[in-house]
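Have a look at run.csv; it's CSV, C-alpha atoms and all ligand atoms:
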```
chain,number,residue,atom,x,y,z
A,142,MET,CA,100.8,110.9,74.8
A,143,LYS,CA,99.0,112.1,77.8
A,144,THR,CA,100.2,110.3,80.9
A,145,LEU,CA,99.1,110.1,84.6
A,146,ILE,CA,101.7,109.0,87.1
A,147,THR,CA,100.4,108.0,90.5
A,148,GLY,CA,103.2,108.3,93.0
A,149,GLY,CA,104.8,110.7,90.6
A,150,ALA,CA,106.5,112.6,93.3
A,151,GLY,CA,108.3,109.5,94.4
A,152,PHE,CA,111.8,108.5,93.5
A,153,ILE,CA,111.0,106.4,90.3
A,154,GLY,CA,107.9,108.4,89.5
A,155,SER,CA,109.7,111.7,89.4
A,156,HIS,CA,112.4,110.3,87.0
A,157,LEU,CA,109.6,108.9,84.8
A,158,ALA,CA,107.9,112.2,84.7
A,159,GLU,CA,111.1,114.0,83.7
A,160,ARG,CA,111.8,111.4,80.9
A,161,LEU,CA,108.2,111.6,79.5
A,162,LEU,CA,108.3,115.4,79.5
A,163,ASP,CA,111.7,115.3,77.7
A,164,ASP,CA,110.1,113.0,75.1
A,165,GLY,CA,107.4,115.6,74.5
A,166,HIS,CA,104.6,113.9,76.4
A,167,GLU,CA,102.1,115.5,78.8
A,168,VAL,CA,102.4,114.5,82.4
A,169,ILE,CA,100.0,114.7,85.3
A,170,VAL,CA,101.3,113.6,88.7
A,171,LEU,CA,99.0,112.4,91.5
A,172,ASP,CA,100.8,111.9,94.8
A,173,ASN,CA,99.8,112.2,98.5
A,174,LEU,CA,103.5,112.8,99.5
A,175,SER,CA,103.4,109.9,102.0
A,176,THR,CA,106.8,108.7,100.9
A,177,GLY,CA,107.3,111.0,97.9
A,178,SER,CA,108.4,114.6,98.2
A,179,ILE,CA,107.6,117.8,96.5
A,180,ASP,CA,111.3,118.5,96.1
A,181,ASN,CA,111.5,115.6,93.7
A,182,ILE,CA,109.2,117.4,91.2
A,183,ALA,CA,110.1,121.0,92.1
A,184,HIS,CA,112.3,121.3,88.9
A,185,LEU,CA,109.4,120.2,86.7
A,186,LYS,CA,106.7,122.6,87.9
A,187,ARG,CA,107.5,125.3,85.3
A,188,ARG,CA,107.3,123.0,82.4
A,189,PRO,CA,104.1,123.7,80.4
A,190,SER,CA,103.1,120.0,79.8
A,191,PHE,CA,103.4,119.2,83.5
A,192,SER,CA,100.8,119.4,86.3
A,193,TYR,CA,100.4,117.8,89.7
A,194,THR,CA,97.8,117.3,92.4
A,195,ILE,CA,98.7,116.4,96.0
A,196,ASP,CA,96.0,113.9,96.9
A,197,SER,CA,95.5,110.2,97.3
A,198,VAL,CA,94.5,107.7,94.6
A,199,THR,CA,91.7,106.7,96.9
A,200,ASN,CA,90.0,110.1,96.2
A,201,GLU,CA,88.0,108.4,93.5
A,202,PRO,CA,86.2,111.3,91.9
A,203,LEU,CA,89.5,113.0,91.4
A,204,LEU,CA,91.2,109.8,90.2
A,205,ALA,CA,88.4,109.3,87.7
A,206,GLU,CA,88.8,112.8,86.3
A,207,LEU,CA,92.5,112.5,86.0
A,208,ILE,CA,92.3,109.1,84.3
A,209,ASP,CA,89.8,110.6,81.8
A,210,ARG,CA,92.3,113.2,80.8
A,211,CYS,CA,95.1,110.8,80.0
A,212,ASP,CA,95.9,107.9,77.6
A,213,VAL,CA,98.2,105.9,79.8
A,214,VAL,CA,98.3,105.5,83.6
A,215,PHE,CA,101.6,104.5,85.3
A,216,HIS,CA,100.4,103.3,88.7
A,217,LEU,CA,103.5,103.7,91.0
A,218,ALA,CA,101.8,104.9,94.1
A,219,ALA,CA,102.5,102.2,96.8
A,220,ALA,CA,103.8,101.6,100.3
A,221,VAL,CA,107.5,100.8,99.7
A,222,GLY,CA,110.6,100.0,101.6
A,223,VAL,CA,111.2,96.9,103.8
A,224,LYS,CA,111.5,99.0,106.9
A,225,LEU,CA,108.1,100.6,106.3
A,226,ILE,CA,106.5,97.3,105.5
A,227,VAL,CA,107.7,95.6,108.7
A,228,GLU,CA,106.7,98.6,110.8
A,229,GLN,CA,103.4,99.4,109.2
A,230,PRO,CA,101.9,96.2,107.7
A,231,VAL,CA,98.3,97.4,107.8
A,232,HIS,CA,99.1,100.5,105.9
A,233,THR,CA,101.2,98.5,103.3
A,234,ILE,CA,98.5,96.0,102.6
A,235,GLU,CA,95.6,98.5,102.4
A,236,THR,CA,97.6,101.0,100.3
A,237,ASN,CA,98.8,98.5,97.8
A,238,VAL,CA,95.7,96.5,97.4
A,239,HIS,CA,93.0,99.2,97.5
A,240,GLY,CA,95.0,101.8,95.5
A,241,THR,CA,95.4,99.3,92.6
A,242,GLU,CA,91.8,98.2,92.9
A,243,VAL,CA,90.5,101.8,92.3
A,244,VAL,CA,93.0,102.6,89.6
A,245,LEU,CA,92.0,99.5,87.6
A,246,LYS,CA,88.3,100.1,88.2
A,247,HIS,CA,88.4,103.7,86.8
A,248,ALA,CA,90.8,102.9,84.0
A,249,ASN,CA,88.5,100.2,82.9
A,250,LYS,CA,85.6,102.6,82.3
A,251,LYS,CA,87.5,104.2,79.4
A,252,LYS,CA,89.8,101.2,78.7
A,253,LYS,CA,93.0,103.3,79.4
A,254,LEU,CA,96.3,101.5,79.3
A,255,VAL,CA,97.6,100.8,82.9
A,256,PHE,CA,101.1,100.0,84.0
A,257,ILE,CA,101.2,98.2,87.4
A,258,ALA,CA,104.4,98.5,89.3
A,259,SER,CA,105.1,95.2,90.9
A,260,THR,CA,108.3,94.0,92.6
A,261,SER,CA,111.1,91.4,92.5
A,262,GLU,CA,110.0,90.7,96.1
A,263,VAL,CA,107.2,88.5,94.6
A,264,TYR,CA,109.9,85.9,93.8
A,265,GLY,CA,110.4,85.6,97.6
A,266,LYS,CA,112.6,82.8,98.8
A,267,SER,CA,112.9,81.1,95.4
A,268,THR,CA,116.4,79.9,94.7
A,269,ASP,CA,115.7,79.3,91.1
A,270,VAL,CA,118.1,82.2,90.0
A,271,PRO,CA,117.9,84.1,87.7
A,272,PHE,CA,114.2,84.7,88.2
A,273,ARG,CA,112.0,84.2,85.1
A,274,GLU,CA,108.5,85.8,84.9
A,275,ALA,CA,106.8,82.4,84.5
A,276,ALA,CA,108.6,80.8,87.5
A,277,ASP,CA,106.9,79.6,90.7
A,278,LEU,CA,106.9,82.2,93.5
A,279,VAL,CA,108.0,81.0,97.0
A,280,LEU,CA,106.8,83.2,99.9
A,281,GLY,CA,107.2,82.8,103.6
A,282,PRO,CA,104.4,82.5,106.2
A,283,SER,CA,101.8,85.2,106.9
A,284,ALA,CA,103.1,85.6,110.4
A,285,LYS,CA,106.2,87.3,108.9
A,286,HIS,CA,105.2,90.8,107.9
A,287,ARG,CA,107.8,91.2,105.2
A,288,TRP,CA,105.8,88.8,102.9
A,289,ALA,CA,102.8,91.1,103.1
A,290,TYR,CA,104.4,93.3,100.6
A,291,ALA,CA,105.0,90.6,98.1
A,292,CYS,CA,101.5,89.3,98.7
A,293,SER,CA,99.9,92.7,98.3
A,294,LYS,CA,101.7,93.2,95.0
A,295,LEU,CA,100.8,89.8,93.8
A,296,ILE,CA,97.1,90.5,94.4
A,297,ASP,CA,97.7,93.6,92.3
A,298,GLU,CA,99.2,91.5,89.5
A,299,PHE,CA,96.3,88.9,89.7
A,300,LEU,CA,93.7,91.7,89.6
A,301,ALA,CA,95.3,93.5,86.7
A,302,LEU,CA,95.6,90.2,84.7
A,303,ALA,CA,92.0,89.4,85.6
A,304,TYR,CA,90.9,92.8,84.2
A,305,TRP,CA,92.8,92.1,81.0
A,306,LYS,CA,91.3,88.6,80.6
A,307,GLU,CA,87.8,89.3,81.6
A,308,LYS,CA,87.2,92.9,80.5
A,309,LYS,CA,90.0,93.5,78.0
A,310,LEU,CA,91.4,96.4,80.0
A,311,PRO,CA,95.0,96.8,78.6
A,312,VAL,CA,97.5,96.3,81.4
A,313,VAL,CA,101.2,95.8,81.6
A,314,ILE,CA,102.9,94.4,84.8
A,315,VAL,CA,106.5,95.3,85.6
A,316,ARG,CA,108.4,93.6,88.3
A,317,LEU,CA,111.0,96.2,89.3
A,318,PHE,CA,114.3,94.8,90.9
A,319,ASN,CA,116.3,96.9,93.3
A,320,THR,CA,116.2,100.4,91.6
A,321,VAL,CA,118.6,103.0,92.7
A,322,GLY,CA,119.8,106.5,91.7
A,323,PRO,CA,119.7,110.1,92.7
A,324,ARG,CA,116.7,111.3,94.8
A,325,GLN,CA,116.1,107.9,96.4
A,326,THR,CA,115.9,108.3,100.2
A,327,GLY,CA,117.2,105.8,102.7
A,328,GLN,CA,114.4,106.8,105.1
A,329,TYR,CA,112.4,103.6,104.4
A,330,GLY,CA,115.4,101.3,104.6
A,331,MET,CA,116.8,101.2,101.1
A,332,VAL,CA,120.4,100.1,101.2
A,333,LEU,CA,122.4,102.3,98.8
A,334,PRO,CA,121.2,105.7,99.9
A,335,THR,CA,121.6,104.6,103.5
A,336,PHE,CA,125.2,103.5,102.9
A,337,VAL,CA,126.1,106.7,101.1
A,338,ARG,CA,124.6,108.9,103.7
A,339,GLN,CA,126.4,107.0,106.5
A,340,ALA,CA,129.7,107.1,104.6
A,341,LEU,CA,129.5,110.8,103.9
A,342,ALA,CA,128.5,111.5,107.6
A,343,GLY,CA,131.4,109.4,108.9
A,344,GLN,CA,128.9,107.1,110.7
A,345,PRO,CA,129.2,103.3,110.7
A,346,ILE,CA,128.0,101.7,107.5
A,347,THR,CA,125.5,99.1,108.7
A,348,VAL,CA,125.5,95.8,106.9
A,349,PHE,CA,122.6,93.7,108.0
A,350,GLY,CA,123.2,90.0,108.5
A,351,ASP,CA,126.6,88.6,107.4
A,352,GLY,CA,126.7,90.7,104.2
A,353,THR,CA,126.9,87.6,101.9
A,354,GLN,CA,123.3,88.3,100.6
A,355,SER,CA,123.5,89.8,97.1
A,356,ARG,CA,121.3,92.1,95.0
A,357,SER,CA,121.3,93.3,91.4
A,358,PHE,CA,120.9,97.1,91.3
A,359,THR,CA,119.5,98.9,88.3
A,360,TYR,CA,119.9,102.6,87.6
A,361,VAL,CA,116.6,104.5,87.7
A,362,GLY,CA,117.2,105.9,84.3
A,363,ASP,CA,117.4,102.4,82.8
A,364,VAL,CA,114.2,101.4,84.6
A,365,VAL,CA,112.4,104.5,83.2
A,366,ASP,CA,113.7,103.7,79.7
A,367,ALA,CA,112.2,100.2,80.0
A,368,LEU,CA,108.8,101.6,80.9
A,369,VAL,CA,108.8,104.1,78.0
A,370,ARG,CA,109.8,101.3,75.6
A,371,LEU,CA,107.0,99.1,76.9
A,372,ALA,CA,104.4,101.9,76.6
A,373,HIS,CA,105.1,102.1,72.9
A,374,ASP,CA,104.7,98.4,72.2
A,375,LYS,CA,101.2,97.0,72.0
A,376,ARG,CA,102.6,93.4,72.3
A,377,ALA,CA,103.4,94.2,75.9
A,378,ILE,CA,99.7,94.3,76.9
A,379,GLY,CA,98.7,91.5,79.2
A,380,GLU,CA,102.3,90.6,79.9
A,381,VAL,CA,104.5,90.5,83.0
A,382,PHE,CA,108.1,91.8,82.7
A,383,ASN,CA,111.2,91.8,84.9
A,384,ILE,CA,113.0,95.1,84.8
A,385,GLY,CA,116.5,94.9,86.3
A,386,ASN,CA,120.2,94.4,85.7
A,387,MET,CA,121.8,91.0,85.9
A,388,GLY,CA,125.1,92.2,87.6
A,389,GLU,CA,125.2,91.0,91.1
A,390,VAL,CA,127.0,92.3,94.2
A,391,THR,CA,127.0,91.2,97.8
A,392,ILE,CA,125.9,93.8,100.4
A,393,ALA,CA,129.3,93.5,102.1
A,394,ASP,CA,131.0,94.4,98.8
A,395,LEU,CA,128.6,97.2,98.2
A,396,ALA,CA,129.5,98.7,101.6
A,397,ALA,CA,133.2,98.4,100.8
A,398,ARG,CA,132.7,100.1,97.4
A,399,VAL,CA,130.7,103.0,98.9
A,400,LYS,CA,133.4,103.4,101.6
A,401,SER,CA,136.2,103.5,99.1
A,402,MET,CA,134.4,105.7,96.5
A,403,THR,CA,133.4,108.3,99.1
A,404,GLY,CA,136.9,108.2,100.7
A,405,SER,CA,135.1,107.7,104.0
A,406,CYS,CA,136.7,106.7,107.3
A,407,SER,CA,133.4,105.1,108.5
A,408,PRO,CA,133.8,101.6,109.9
A,409,ILE,CA,131.7,98.9,108.3
A,410,THR,CA,129.6,97.2,111.1
A,411,TYR,CA,127.5,94.1,111.0
A,412,VAL,CA,124.0,94.2,112.5
A,413,PRO,CA,122.0,91.0,113.1
A,414,TYR,CA,118.6,91.0,111.2
A,415,ASP,CA,116.6,90.7,114.3
A,416,GLN,CA,118.0,94.0,115.5
A,417,ALA,CA,117.8,95.6,112.1
A,418,TYR,CA,114.2,94.6,111.4
A,419,GLU,CA,112.4,92.3,113.8
A,420,ALA,CA,112.9,88.8,115.4
A,421,GLY,CA,112.7,86.0,112.8
A,422,PHE,CA,113.2,88.4,109.9
A,423,GLU,CA,113.8,86.5,106.6
A,424,ASP,CA,116.0,87.9,103.9
A,425,MET,CA,116.7,86.7,100.4
A,426,PRO,CA,120.2,85.4,99.8
A,427,ARG,CA,120.1,86.3,96.1
A,428,ARG,CA,117.9,88.2,93.8
A,429,VAL,CA,118.8,88.3,90.1
A,430,PRO,CA,116.4,89.0,87.2
A,431,ASP,CA,116.3,87.1,84.0
A,432,ILE,CA,115.7,89.9,81.5
A,433,SER,CA,115.6,88.0,78.3
A,434,LYS,CA,111.8,88.6,77.9
A,435,ILE,CA,112.0,92.4,78.0
A,436,ARG,CA,115.1,92.3,75.9
A,437,GLU,CA,113.3,90.3,73.2
A,438,PHE,CA,110.2,92.4,73.3
A,439,VAL,CA,111.6,95.9,73.3
A,440,GLY,CA,115.4,95.6,73.1
A,441,TYR,CA,115.9,96.8,76.7
A,442,GLU,CA,119.5,96.8,77.9
A,443,PRO,CA,120.5,98.4,81.2
A,444,LYS,CA,123.3,100.8,80.5
A,445,LEU,CA,124.8,102.0,83.8
A,446,ALA,CA,127.2,99.8,85.7
A,447,LEU,CA,127.2,99.6,89.5
A,448,ASP,CA,130.2,101.9,90.1
A,449,ASP,CA,128.7,104.6,87.9
A,450,ILE,CA,125.4,104.3,89.7
A,451,ILE,CA,127.1,104.6,93.1
A,452,ARG,CA,129.0,107.7,91.8
A,453,SER,CA,125.8,109.3,90.7
A,454,VAL,CA,124.2,108.7,94.1
A,455,ILE,CA,127.3,110.1,95.9
A,456,GLU,CA,127.4,113.2,93.7
A,457,HIS,CA,123.7,113.9,94.3
A,458,MET,CA,123.9,113.4,98.0
A,459,ARG,CA,127.0,115.7,98.3
A,460,ALA,CA,125.2,118.4,96.3
A,461,ASN,CA,122.1,118.2,98.5
A,501,LIG,N1,120.6,96.3,104.1
A,501,LIG,C1,121.7,96.5,104.8
A,501,LIG,N2,121.9,97.7,105.5
A,501,LIG,C2,120.9,98.7,105.5
A,501,LIG,C3,119.8,98.5,104.7
A,501,LIG,C4,119.6,97.3,104.0
A,501,LIG,O1,122.6,95.7,104.9
A,501,LIG,O2,121.1,99.7,106.1
A,501,LIG,C5,120.5,95.1,103.3
A,501,LIG,C6,119.1,94.4,103.4
A,501,LIG,O3,119.1,93.5,104.6
A,501,LIG,C7,119.1,93.6,102.1
A,501,LIG,C8,119.8,94.5,101.1
A,501,LIG,O4,120.6,95.4,101.9
A,501,LIG,O5,119.8,92.4,102.3
A,501,LIG,C9,118.9,95.3,100.3
A,501,LIG,O6,118.0,96.0,101.1
A,501,LIG,P1,116.9,97.0,100.6
A,501,LIG,O7,116.0,97.3,101.7
A,501,LIG,O8,117.5,98.1,99.8
A,501,LIG,O9,116.0,96.2,99.5
A,501,LIG,P2,115.4,94.7,99.5
A,501,LIG,O10,116.2,94.0,98.4
A,501,LIG,O11,115.5,94.1,100.8
A,501,LIG,O12,114.0,94.9,99.0
```

Any chance you could give the structure as structure tokens?
Amino acid sequence: MKTLITGGAGFIGSHLAERLLDDGHEVIVLDNLSTGSIDNIAHLKRRPSFSYTIDSVTNEPLLAELIDRCDVVFHLAAAVGVKLIVEQPVHTIETNVHGTEVVLKHANKKKKLVFIASTSEVYGKSTDVPFREAADLVLGPSAKHRWAYACSKLIDEFLALAYWKEKKLPVVIVRLFNTVGPRQTGQYGMVLPTFVRQALAGQPITVFGDGTQSRSFTYVGDVVDALVRLAHDKRAIGEVFNIGNMGEVTIADLAARVKSMTGSCSPITYVPYDQAYEAGFEDMPRRVPDISKIREFVGYEPKLALDDIIRSVIEHMRAN
């Protein structure tokens, strides 16, 4: 299989590239290094089936050529991270909507299979936990920038499904829940790498809000495995899938686990949301995926438990 990964120098993209190469596939990475890093793919550069181009998906002549050369496009290039989204809402909306628009447009010319990376954020404030793909989505008002991310990704979903319905472009939509593992940076606000970095540096571990909000974290290797399984199953075309792990942890508990597993003497401090993000910031109290659909389709089962995931992040950060 010849594959193109947009955002392939990012955290998830670089793990996907590695897995596809290990499976004997050809990988082309297109990344503008806005949040990705060349370090993430440095170890892949010498592999014969690997190539990369540092450029934006909005370079349409280049994008069209790269799509022509592959069988499957994994479109992971996006503006990610709650911090980035709150600070740069224009960039988030434009990147996520326009990027997907041009990927779908060019993939459609040769009817190449496209994976659209969406997000658990689209479930918004829904309390109907665990979240099922067919459930209603409950977003906050447009004056609160956080929701721009969910909305931009939802437009991507609608557009991809429209291409499938109207033009028979094969698309698969994946809603990724909190994905963690080695190489993820805390620079854009993600909680686990932030906590581990703080703990290793002996700095306060900053829990936002009262810490009772919970998340379900999935190991990046498990997410990548789900993507590969879906890419081999034609029944996935035109469908939306949650990819996640049902195990739930509160953020206060996560902070305590990181502190104990690093043996850190960092204090755990509580930061109000309006100081952490912006006034009126809305967080989700719980976010748990229902993974029965992907389980039924391709037998996906997340393998790594939370403590093993935390350990892998600690080891990676210590080594770097
Ligand atoms: N969070 C935190 N401290 C941090 C960064 C994040 O307590 O330094 C919290 C954040 O408010 C949210 C959870 O951890 O409740 C997960 O945040 P993240 O940005 O990783 O992902 P989200 O689920 O919000 O997309």

Item checked: Environment of ligand LIG 501 (chain A) within 6 Å, counting only C-alpha atoms and all ligand atoms, reported as a PyMOL selection string -> chain A and resi 223+319+330-332+335+347-349+354+392

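Nearest to His156 in chain A of all the residues A:Pro334, A:Pro282, A:Pro311, A:Pro323 is A:Pro323, counting all atoms listed in the file.
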
Margin query: At a cut-off of 9 Å, using all atoms listed in the file, what residues contact Pro426 in chain A? Leave out same-chain residues fewer than 3 positions from it and give the result as a PyMOL selection string.
Written below: chain A and resi 266+268+353-356

Per-residue nearest contacts range 257-353 of chain A to range 376-391 of chain A, cut-off 8 Å, using all atoms listed in the file, as a tab-separated table:
```
residue	atom	partner	partner_atom	distance
A:Ser261	CA	A:Asn383	CA	7.6
A:Arg273	CA	A:Asn383	CA	7.6
A:Glu274	CA	A:Phe382	CA	6.4
A:Leu302	CA	A:Gly379	CA	6.4
A:Trp305	CA	A:Gly379	CA	6.2
A:Pro311	CA	A:Ile378	CA	5.6
A:Val312	CA	A:Ile378	CA	5.4
A:Val313	CA	A:Ile378	CA	5.2
A:Ile314	CA	A:Val381	CA	4.6
A:Val315	CA	A:Phe382	CA	4.8
A:Arg316	CA	A:Asn383	CA	4.8
A:Leu317	CA	A:Ile384	CA	5.0
A:Phe318	CA	A:Gly385	CA	5.1
A:Asn319	CA	A:Gly385	CA	7.3
A:Thr320	CA	A:Gly385	CA	7.6
A:Gly352	CA	A:Thr391	CA	6.4
A:Thr353	CA	A:Thr391	CA	5.5
```

Next item on the list: For CA of Arg427 in chain A and CA of Gly149 in chain A, determine how far apart the two atoms are, in Å to one decimal place.
Entry: 29.3 Å

Do you have, as CSV, the list of residues of range 238-357 of chain A lying at most 10 Å from range 447-457 of chain A, each with its nearest atom pair and that distance in Å to one decimal, counting only C-alpha atoms and ordered by chain then number?
```
residue,atom,partner,partner_atom,distance
A:Val321,CA,A:Ile450,CA,7.5
A:Gly322,CA,A:Val454,CA,5.5
A:Pro323,CA,A:Val454,CA,4.9
A:Arg324,CA,A:His457,CA,7.5
A:Gln325,CA,A:Val454,CA,8.5
A:Leu333,CA,A:Ile451,CA,7.7
A:Pro334,CA,A:Val454,CA,7.2
A:Phe336,CA,A:Ile455,CA,9.8
A:Val337,CA,A:Ile455,CA,6.3
A:Arg338,CA,A:Ile455,CA,8.3
A:Ala340,CA,A:Ile455,CA,9.5
A:Leu341,CA,A:Ile455,CA,8.3
A:Ser357,CA,A:Leu447,CA,8.8
```
